[in-house]
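In what follows, a structure is listed as C-alpha cells, so that the remarks can point back to it.
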Amino acid sequence: MLDEAGEVRRSRLERISNLGALTRFTFETLGEDAPSVTARVRAYAAEPDGWLVLKGASGSYKTHLAAAIANERIARGEPVLFRFTPDLLDELRASYEPADGEPGFDTLFELVRTAPLLILDDIDAAASSEWAREKLFQLINARYNAALPTVCTCYSLTESLDERLSRRLASGTVLDLSGGAPLSRYRQIGGMTRERLEDFGFHNFHTRFPNYATQENESLQTAWESAHRFADSPEGWMLILGESGCGKTHLAAAVANAVLRNGDDAFFAVVPDLLDHLRASFAPSRGDPGYDELFDDIRNAGLLVLDDLGPQTSSSWAIEKLFQIANYRASSRLPTIITAALSLDELREAHPRVAVRALDPKLSQHVAILARPYNLPSRAGGRRRR
C-alpha cells in the first residue's frame, strides 16, 4: 500500500470514501460565497481531532464543507468514510439479511464504527424510529468513547435528535452556518420569492403521518430521499408527480435552496406565470428583459424548476415554448425539476414531447407522491405544503 502511485491511491481512497459525485465539492469550489467558518473547517481537515458538527438550514453549505473535508483528507492520502445517514441506516437494516457478497450487519457496523474519520451527513434526517435512534446512538457513543474523529451535519441539535445523541454531538465543536450565502443567483417567475423559498427545506418536510396508509408514507419518504440525493448531486432531470398539496413544490424548493447555498444559480418558474411572462416579453415594459433575453436566461439556468405543469398550458404556442425549453435543457443535460398534478397518462396527453424527455430513464428520474394533500383537515397541525 505504501508503494502505491499517488493517483492510484487517490482513486482507491475515493472509492472507499463513498463520496461519489461529491468529489467536486472542495474548499476551492466554495468561491467568494464561502461561509465565515471555512477557515476553521479547513484547519480541521488538515488535522482531524475530536468532533465537528456543522449546523444550519438546508443548503447552508453543510454538505459542501463536509465533503470538502473528505476530499482534503483523500488529497493527503488519508482514508475517510462519508455517509448520508438515511442511506447508512437503510444499509444497516438490509444487512441483517445480506444479499450474496454483501457484508452482514456486524461487518458493516464495525466498518463504520472504526473508520479513521467518519462523516455523517444529515444525521438528524433519519432518526424517525426507535431502531434508528438506538443504532445511531450506539454508533456515535462507540466513536465518542474511542475518541475517533467524527464530522456530523444537521439542521438542529434539538428538534429531531435523540437527547442522548444531541448531548454527545454538543460536546464537540459546533459551527453554526445560519445565514448561509447571500440572497443571489436566484430568479423566479411566480410566487416563489427568495424569502419564501427559505421556508422550504428538507428538515421540515414531513414523511410520516399515523393516519396514512403505508404506501402513502413510503411514497413521501422515497420522494424526500430522491430529492435530497438530487440536491447533493444535481444532474439530469427529476419529475415529481402527485396531487396538489402533497409536497411537490416543497421538495423542488428545498432542492433549489441547496443548489443556491452550494454557490450555483437557480430559476424557479411557476409554469402558467412563466408563459404569461414570455408572452408579455414580446413587448416588454421599460427596464424589463425582452423575449430573447428572458428565454435565454430560462434555458441556461444552472437549475430550472418548472412548477405546476398542467393541462392549462394547452395552446399550441404554450406547448411549443415549453418543448423548446425542455428540448434545449435535455440536449444540454442541464439540471431540471418538473412538478405536475397529473397522472402519467395525462402528462403524455397534454405534453407528449416534454413527457418523452421527462420519462427517459437515461436522463430523468420519476417520483410519484401517492399521499393525500397536506392541507386537508385530516392533516391538521402540519405545515401547508404545495
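Every chain in the C-alpha cells has a letter given in the order shown (A, B, ...), and although residue numbers restart at 1 in each chain, ligands are simply numbered from 1 in the order shown.
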For Val53 of chain A, work out the shell of residues within 12 Å, counting only C-alpha atoms and skipping chain neighbours fewer than 4 positions away, then give it as a ChimeraX atom specification.
-> /A:37,40-41,44,62-63,65-66,118-124,149-157,166-177
All alpha helix (DSSP H) residues (DSSP, backbone) inside segment 53-296 of chain A, as a count of residues only = 110
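Residues with any atom within 10 Å of Val255 of chain A, counting only C-alpha atoms and excluding same-chain neighbours fewer than 4 positions away, are Ser58, Gly59, Phe200, Gly201, Phe202, Ala227, His228, Arg229, Phe230, Ala231, Asp232, Pro234, Thr249, His250, Leu251, Val259, Leu260, Arg261, Ala266, Leu303, Val305 and Ile337 of chain A.
Residues surrounding Leu197 of chain A within 10 Å are A:Gly191, A:Met192, A:Thr193, A:Arg194, A:Phe200, A:Gly201, A:Thr249, A:His250, A:Ala252, A:Ala253, A:Ala254, A:Ala256, A:Asn257, A:Phe268 [only C-alpha atoms; sequence separation below 3 positions excluded].
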Write out the residues from the selection above, keeping N, CA, C and O atoms, as a PDB file, in the first residue's frame.
```
ATOM      1  N   GLY A 191     -44.890  33.050  -7.622  1.00  0.00           N
ATOM      2  CA  GLY A 191     -44.916  33.495  -6.234  1.00  0.00           C
ATOM      3  C   GLY A 191     -43.787  33.039  -5.357  1.00  0.00           C
ATOM      4  O   GLY A 191     -43.751  33.401  -4.177  1.00  0.00           O
ATOM      5  N   MET A 192     -42.838  32.264  -5.862  1.00  0.00           N
ATOM      6  CA  MET A 192     -41.781  31.725  -5.019  1.00  0.00           C
ATOM      7  C   MET A 192     -40.641  32.734  -4.895  1.00  0.00           C
ATOM      8  O   MET A 192     -39.598  32.617  -5.537  1.00  0.00           O
ATOM      9  N   THR A 193     -40.844  33.746  -4.065  1.00  0.00           N
ATOM     10  CA  THR A 193     -39.792  34.721  -3.824  1.00  0.00           C
ATOM     11  C   THR A 193     -38.634  34.063  -3.085  1.00  0.00           C
ATOM     12  O   THR A 193     -38.781  32.967  -2.517  1.00  0.00           O
ATOM     13  N   ARG A 194     -37.496  34.740  -3.062  1.00  0.00           N
ATOM     14  CA  ARG A 194     -36.328  34.165  -2.379  1.00  0.00           C
ATOM     15  C   ARG A 194     -36.610  34.012  -0.892  1.00  0.00           C
ATOM     16  O   ARG A 194     -36.197  33.010  -0.273  1.00  0.00           O
ATOM     17  N   PHE A 200     -38.865  26.527   2.808  1.00  0.00           N
ATOM     18  CA  PHE A 200     -38.998  25.144   2.379  1.00  0.00           C
ATOM     19  C   PHE A 200     -37.640  24.444   2.408  1.00  0.00           C
ATOM     20  O   PHE A 200     -36.763  24.744   1.594  1.00  0.00           O
ATOM     21  N   GLY A 201     -37.482  23.530   3.331  1.00  0.00           N
ATOM     22  CA  GLY A 201     -36.241  22.773   3.429  1.00  0.00           C
ATOM     23  C   GLY A 201     -36.521  21.293   3.581  1.00  0.00           C
ATOM     24  O   GLY A 201     -37.672  20.872   3.769  1.00  0.00           O
ATOM     25  N   THR A 249     -43.999  20.968  -4.577  1.00  0.00           N
ATOM     26  CA  THR A 249     -43.325  22.267  -4.604  1.00  0.00           C
ATOM     27  C   THR A 249     -42.346  22.400  -3.449  1.00  0.00           C
ATOM     28  O   THR A 249     -41.265  22.972  -3.596  1.00  0.00           O
ATOM     29  N   HIS A 250     -42.715  21.879  -2.293  1.00  0.00           N
ATOM     30  CA  HIS A 250     -41.822  21.928  -1.131  1.00  0.00           C
ATOM     31  C   HIS A 250     -40.481  21.268  -1.465  1.00  0.00           C
ATOM     32  O   HIS A 250     -39.416  21.843  -1.205  1.00  0.00           O
ATOM     33  N   ALA A 252     -39.181  20.618  -4.453  1.00  0.00           N
ATOM     34  CA  ALA A 252     -38.481  21.351  -5.512  1.00  0.00           C
ATOM     35  C   ALA A 252     -37.793  22.589  -4.934  1.00  0.00           C
ATOM     36  O   ALA A 252     -36.649  22.914  -5.295  1.00  0.00           O
ATOM     37  N   ALA A 253     -38.470  23.280  -4.017  1.00  0.00           N
ATOM     38  CA  ALA A 253     -37.879  24.466  -3.386  1.00  0.00           C
ATOM     39  C   ALA A 253     -36.704  24.080  -2.494  1.00  0.00           C
ATOM     40  O   ALA A 253     -35.701  24.810  -2.427  1.00  0.00           O
ATOM     41  N   ALA A 254     -36.797  22.953  -1.805  1.00  0.00           N
ATOM     42  CA  ALA A 254     -35.694  22.501  -0.962  1.00  0.00           C
ATOM     43  C   ALA A 254     -34.445  22.230  -1.805  1.00  0.00           C
ATOM     44  O   ALA A 254     -33.325  22.554  -1.401  1.00  0.00           O
ATOM     45  N   ALA A 256     -33.779  23.674  -4.701  1.00  0.00           N
ATOM     46  CA  ALA A 256     -33.299  24.989  -5.148  1.00  0.00           C
ATOM     47  C   ALA A 256     -32.495  25.680  -4.047  1.00  0.00           C
ATOM     48  O   ALA A 256     -31.454  26.281  -4.309  1.00  0.00           O
ATOM     49  N   ASN A 257     -32.957  25.580  -2.798  1.00  0.00           N
ATOM     50  CA  ASN A 257     -32.219  26.157  -1.676  1.00  0.00           C
ATOM     51  C   ASN A 257     -30.831  25.556  -1.560  1.00  0.00           C
ATOM     52  O   ASN A 257     -29.837  26.261  -1.371  1.00  0.00           O
ATOM     53  N   PHE A 268     -36.664  29.518 -10.530  1.00  0.00           N
ATOM     54  CA  PHE A 268     -37.891  28.837 -10.113  1.00  0.00           C
ATOM     55  C   PHE A 268     -39.067  29.482 -10.834  1.00  0.00           C
ATOM     56  O   PHE A 268     -39.370  30.653 -10.610  1.00  0.00           O
TER      57      PHE A 268
END
```
Within 10 Å of Ala45 of chain A, counting only C-alpha atoms, which residues show up once you throw out same-chain ones fewer than 6 positions away? Write them as a VMD selection string, please.
-> chain A and resid 39 65 to 66 68 to 73 76
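Closest to Asn217 of chain A among A:Ala355, A:Ala371, A:Leu54, A:Ala115 is A:Ala371, based on only C-alpha atoms.
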Would you please extract all strand (DSSP E) residues from segment 121-301 of chain A, as assigned by DSSP on the backbone, and give them as an MDAnalysis selection string?
-> chainID A and resid 121 150:154 173:176 186:189 237:242 266:270
Could you write out that same residue set with C-alpha atoms as an mmCIF file, in the first residue's frame?
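Result file selection00.cif:
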```
data_model
loop_
_atom_site.group_PDB
_atom_site.id
_atom_site.type_symbol
_atom_site.label_atom_id
_atom_site.label_comp_id
_atom_site.auth_asym_id
_atom_site.auth_seq_id
_atom_site.Cartn_x
_atom_site.Cartn_y
_atom_site.Cartn_z
ATOM 1 C CA ASP A 121 -24.343 13.944 6.556
ATOM 2 C CA THR A 150 -16.137 12.409 13.502
ATOM 3 C CA VAL A 151 -17.943 15.067 11.482
ATOM 4 C CA CYS A 152 -21.735 15.406 11.509
ATOM 5 C CA THR A 153 -24.054 17.770 9.683
ATOM 6 C CA CYS A 154 -27.521 18.582 10.978
ATOM 7 C CA THR A 173 -17.064 21.795 18.242
ATOM 8 C CA VAL A 174 -20.371 23.087 16.860
ATOM 9 C CA LEU A 175 -20.198 25.563 13.970
ATOM 10 C CA ASP A 176 -23.458 27.358 13.184
ATOM 11 C CA TYR A 186 -31.803 33.299 -7.826
ATOM 12 C CA ARG A 187 -34.510 34.287 -10.246
ATOM 13 C CA GLN A 188 -38.164 33.484 -10.104
ATOM 14 C CA ILE A 189 -41.380 33.887 -12.031
ATOM 15 C CA TRP A 237 -33.892 15.729 -14.564
ATOM 16 C CA MET A 238 -36.348 14.967 -11.805
ATOM 17 C CA LEU A 239 -40.088 14.634 -12.414
ATOM 18 C CA ILE A 240 -42.334 14.833 -9.326
ATOM 19 C CA LEU A 241 -45.985 13.896 -9.784
ATOM 20 C CA GLY A 242 -48.798 13.945 -7.242
ATOM 21 C CA ALA A 266 -31.453 28.540 -9.779
ATOM 22 C CA PHE A 267 -34.523 29.727 -11.673
ATOM 23 C CA PHE A 268 -37.891 28.837 -10.113
ATOM 24 C CA ALA A 269 -40.788 29.296 -12.532
ATOM 25 C CA VAL A 270 -44.467 28.552 -11.961
#
```
Tell me which protein, DNA and RNA residues are within 9 Å of segment 102-107 of chain A, counting only C-alpha atoms, leaving out same-chain ones fewer than 5 positions away, and put them as a PyMOL selection string.
-> chain A and resi 91-97+112
Write a file of the selected residues as a CSV table (one decimal), in the first residue's frame, keeping all heavy atoms.
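Final file, out-v5.csv:
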```csv
chain,number,residue,atom,x,y,z
A,91,GLU,N,-28.9,0.6,4.8
A,91,GLU,CA,-28.0,-0.4,4.5
A,91,GLU,C,-27.8,-1.3,5.8
A,91,GLU,O,-27.7,-2.5,5.7
A,91,GLU,CB,-26.6,0.1,4.1
A,91,GLU,CG,-26.7,0.7,2.7
A,91,GLU,CD,-25.3,1.2,2.3
A,91,GLU,OE1,-24.3,0.6,2.7
A,91,GLU,OE2,-25.2,2.2,1.6
A,92,LEU,N,-27.8,-0.7,6.9
A,92,LEU,CA,-27.7,-1.5,8.2
A,92,LEU,C,-28.9,-2.4,8.4
A,92,LEU,O,-28.8,-3.5,8.8
A,92,LEU,CB,-27.6,-0.5,9.4
A,92,LEU,CG,-26.2,0.1,9.5
A,92,LEU,CD1,-26.2,1.2,10.7
A,92,LEU,CD2,-25.1,-0.9,9.8
A,93,ARG,N,-30.1,-1.9,8.1
A,93,ARG,CA,-31.3,-2.7,8.1
A,93,ARG,C,-31.2,-3.9,7.2
A,93,ARG,O,-31.5,-5.0,7.5
A,93,ARG,CB,-32.6,-1.9,7.8
A,93,ARG,CG,-33.0,-0.9,8.8
A,93,ARG,CD,-34.4,-0.3,8.5
A,93,ARG,NE,-34.7,0.8,9.4
A,93,ARG,CZ,-34.5,2.1,9.1
A,93,ARG,NH1,-33.9,2.4,8.0
A,93,ARG,NH2,-34.8,3.0,10.0
A,94,ALA,N,-30.8,-3.6,5.9
A,94,ALA,CA,-30.8,-4.6,4.9
A,94,ALA,C,-29.7,-5.7,5.3
A,94,ALA,O,-29.8,-6.8,4.8
A,94,ALA,CB,-30.5,-4.0,3.6
A,95,SER,N,-28.7,-5.3,6.0
A,95,SER,CA,-27.5,-6.2,6.3
A,95,SER,C,-27.9,-7.3,7.3
A,95,SER,O,-27.1,-8.2,7.5
A,95,SER,CB,-26.3,-5.4,6.8
A,95,SER,OG,-26.6,-4.8,8.1
A,96,TYR,N,-29.1,-7.2,7.9
A,96,TYR,CA,-29.5,-8.4,8.7
A,96,TYR,C,-29.7,-9.6,7.9
A,96,TYR,O,-29.5,-10.7,8.3
A,96,TYR,CB,-30.8,-8.0,9.5
A,96,TYR,CG,-30.6,-7.1,10.6
A,96,TYR,CD1,-31.3,-5.8,10.7
A,96,TYR,CD2,-29.8,-7.4,11.7
A,96,TYR,CE1,-31.1,-5.0,11.7
A,96,TYR,CE2,-29.6,-6.5,12.8
A,96,TYR,CZ,-30.3,-5.3,12.8
A,96,TYR,OH,-30.2,-4.4,13.8
A,97,GLU,N,-30.1,-9.4,6.6
A,97,GLU,CA,-30.3,-10.5,5.7
A,97,GLU,C,-29.6,-10.1,4.4
A,97,GLU,O,-30.2,-9.7,3.4
A,97,GLU,CB,-31.7,-10.8,5.4
A,97,GLU,CG,-32.5,-11.2,6.7
A,97,GLU,CD,-34.0,-11.5,6.4
A,97,GLU,OE1,-34.4,-11.3,5.2
A,97,GLU,OE2,-34.7,-11.9,7.3
A,112,VAL,N,-18.1,1.1,9.9
A,112,VAL,CA,-18.4,2.5,10.2
A,112,VAL,C,-17.9,2.9,11.6
A,112,VAL,O,-17.4,4.0,11.7
A,112,VAL,CB,-19.9,2.7,10.1
A,112,VAL,CG1,-20.3,4.1,10.3
A,112,VAL,CG2,-20.4,2.2,8.7
```
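In terms of minimum interatomic distance to Glu216 of chain A, A:Ala368 ranks closest within A:Leu108, A:Ala368, A:Val8, A:Ala57, counting only C-alpha atoms.
Distances to Asp265 of chain A were evaluated for A:Arg279, A:His351, A:Arg185, A:Lys321 using only C-alpha atoms, and the minimum falls at A:Arg185.
Every protein, DNA or RNA residue with an atom at most 10 Å from Arg348 of chain A, where only C-alpha atoms count and chain neighbours fewer than 6 positions away do not, is listed here: A:Leu342, A:Val354, A:Ala355, A:Val356, A:Ala358, A:Leu359.
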Written selection (N, CA, C and O atoms) as a PDB file, in the first residue's frame:
```
ATOM      1  N   LEU A 342     -50.530  15.772 -12.317  1.00  0.00           N
ATOM      2  CA  LEU A 342     -51.054  14.992 -13.435  1.00  0.00           C
ATOM      3  C   LEU A 342     -50.662  13.534 -13.264  1.00  0.00           C
ATOM      4  O   LEU A 342     -49.644  13.221 -12.642  1.00  0.00           O
ATOM      5  N   VAL A 354     -42.616  16.805 -24.205  1.00  0.00           N
ATOM      6  CA  VAL A 354     -41.943  17.029 -22.921  1.00  0.00           C
ATOM      7  C   VAL A 354     -41.917  15.728 -22.124  1.00  0.00           C
ATOM      8  O   VAL A 354     -40.913  15.389 -21.485  1.00  0.00           O
ATOM      9  N   ALA A 355     -43.015  14.981 -22.170  1.00  0.00           N
ATOM     10  CA  ALA A 355     -43.098  13.724 -21.417  1.00  0.00           C
ATOM     11  C   ALA A 355     -42.046  12.725 -21.876  1.00  0.00           C
ATOM     12  O   ALA A 355     -41.484  11.991 -21.065  1.00  0.00           O
ATOM     13  N   VAL A 356     -41.772  12.684 -23.169  1.00  0.00           N
ATOM     14  CA  VAL A 356     -40.755  11.761 -23.679  1.00  0.00           C
ATOM     15  C   VAL A 356     -39.422  12.004 -22.989  1.00  0.00           C
ATOM     16  O   VAL A 356     -38.720  11.066 -22.595  1.00  0.00           O
ATOM     17  N   ALA A 358     -38.968  13.808 -20.044  1.00  0.00           N
ATOM     18  CA  ALA A 358     -39.105  13.704 -18.595  1.00  0.00           C
ATOM     19  C   ALA A 358     -39.167  12.257 -18.118  1.00  0.00           C
ATOM     20  O   ALA A 358     -38.851  11.968 -16.958  1.00  0.00           O
ATOM     21  N   LEU A 359     -39.570  11.348 -18.996  1.00  0.00           N
ATOM     22  CA  LEU A 359     -39.686   9.937 -18.636  1.00  0.00           C
ATOM     23  C   LEU A 359     -38.572   9.089 -19.229  1.00  0.00           C
ATOM     24  O   LEU A 359     -38.617   7.860 -19.147  1.00  0.00           O
TER      25      LEU A 359
END
```
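Note that the spacing between atom CA of Pro79 of chain A and atom CA of Ala46 of chain A amounts to 12.9 Å.
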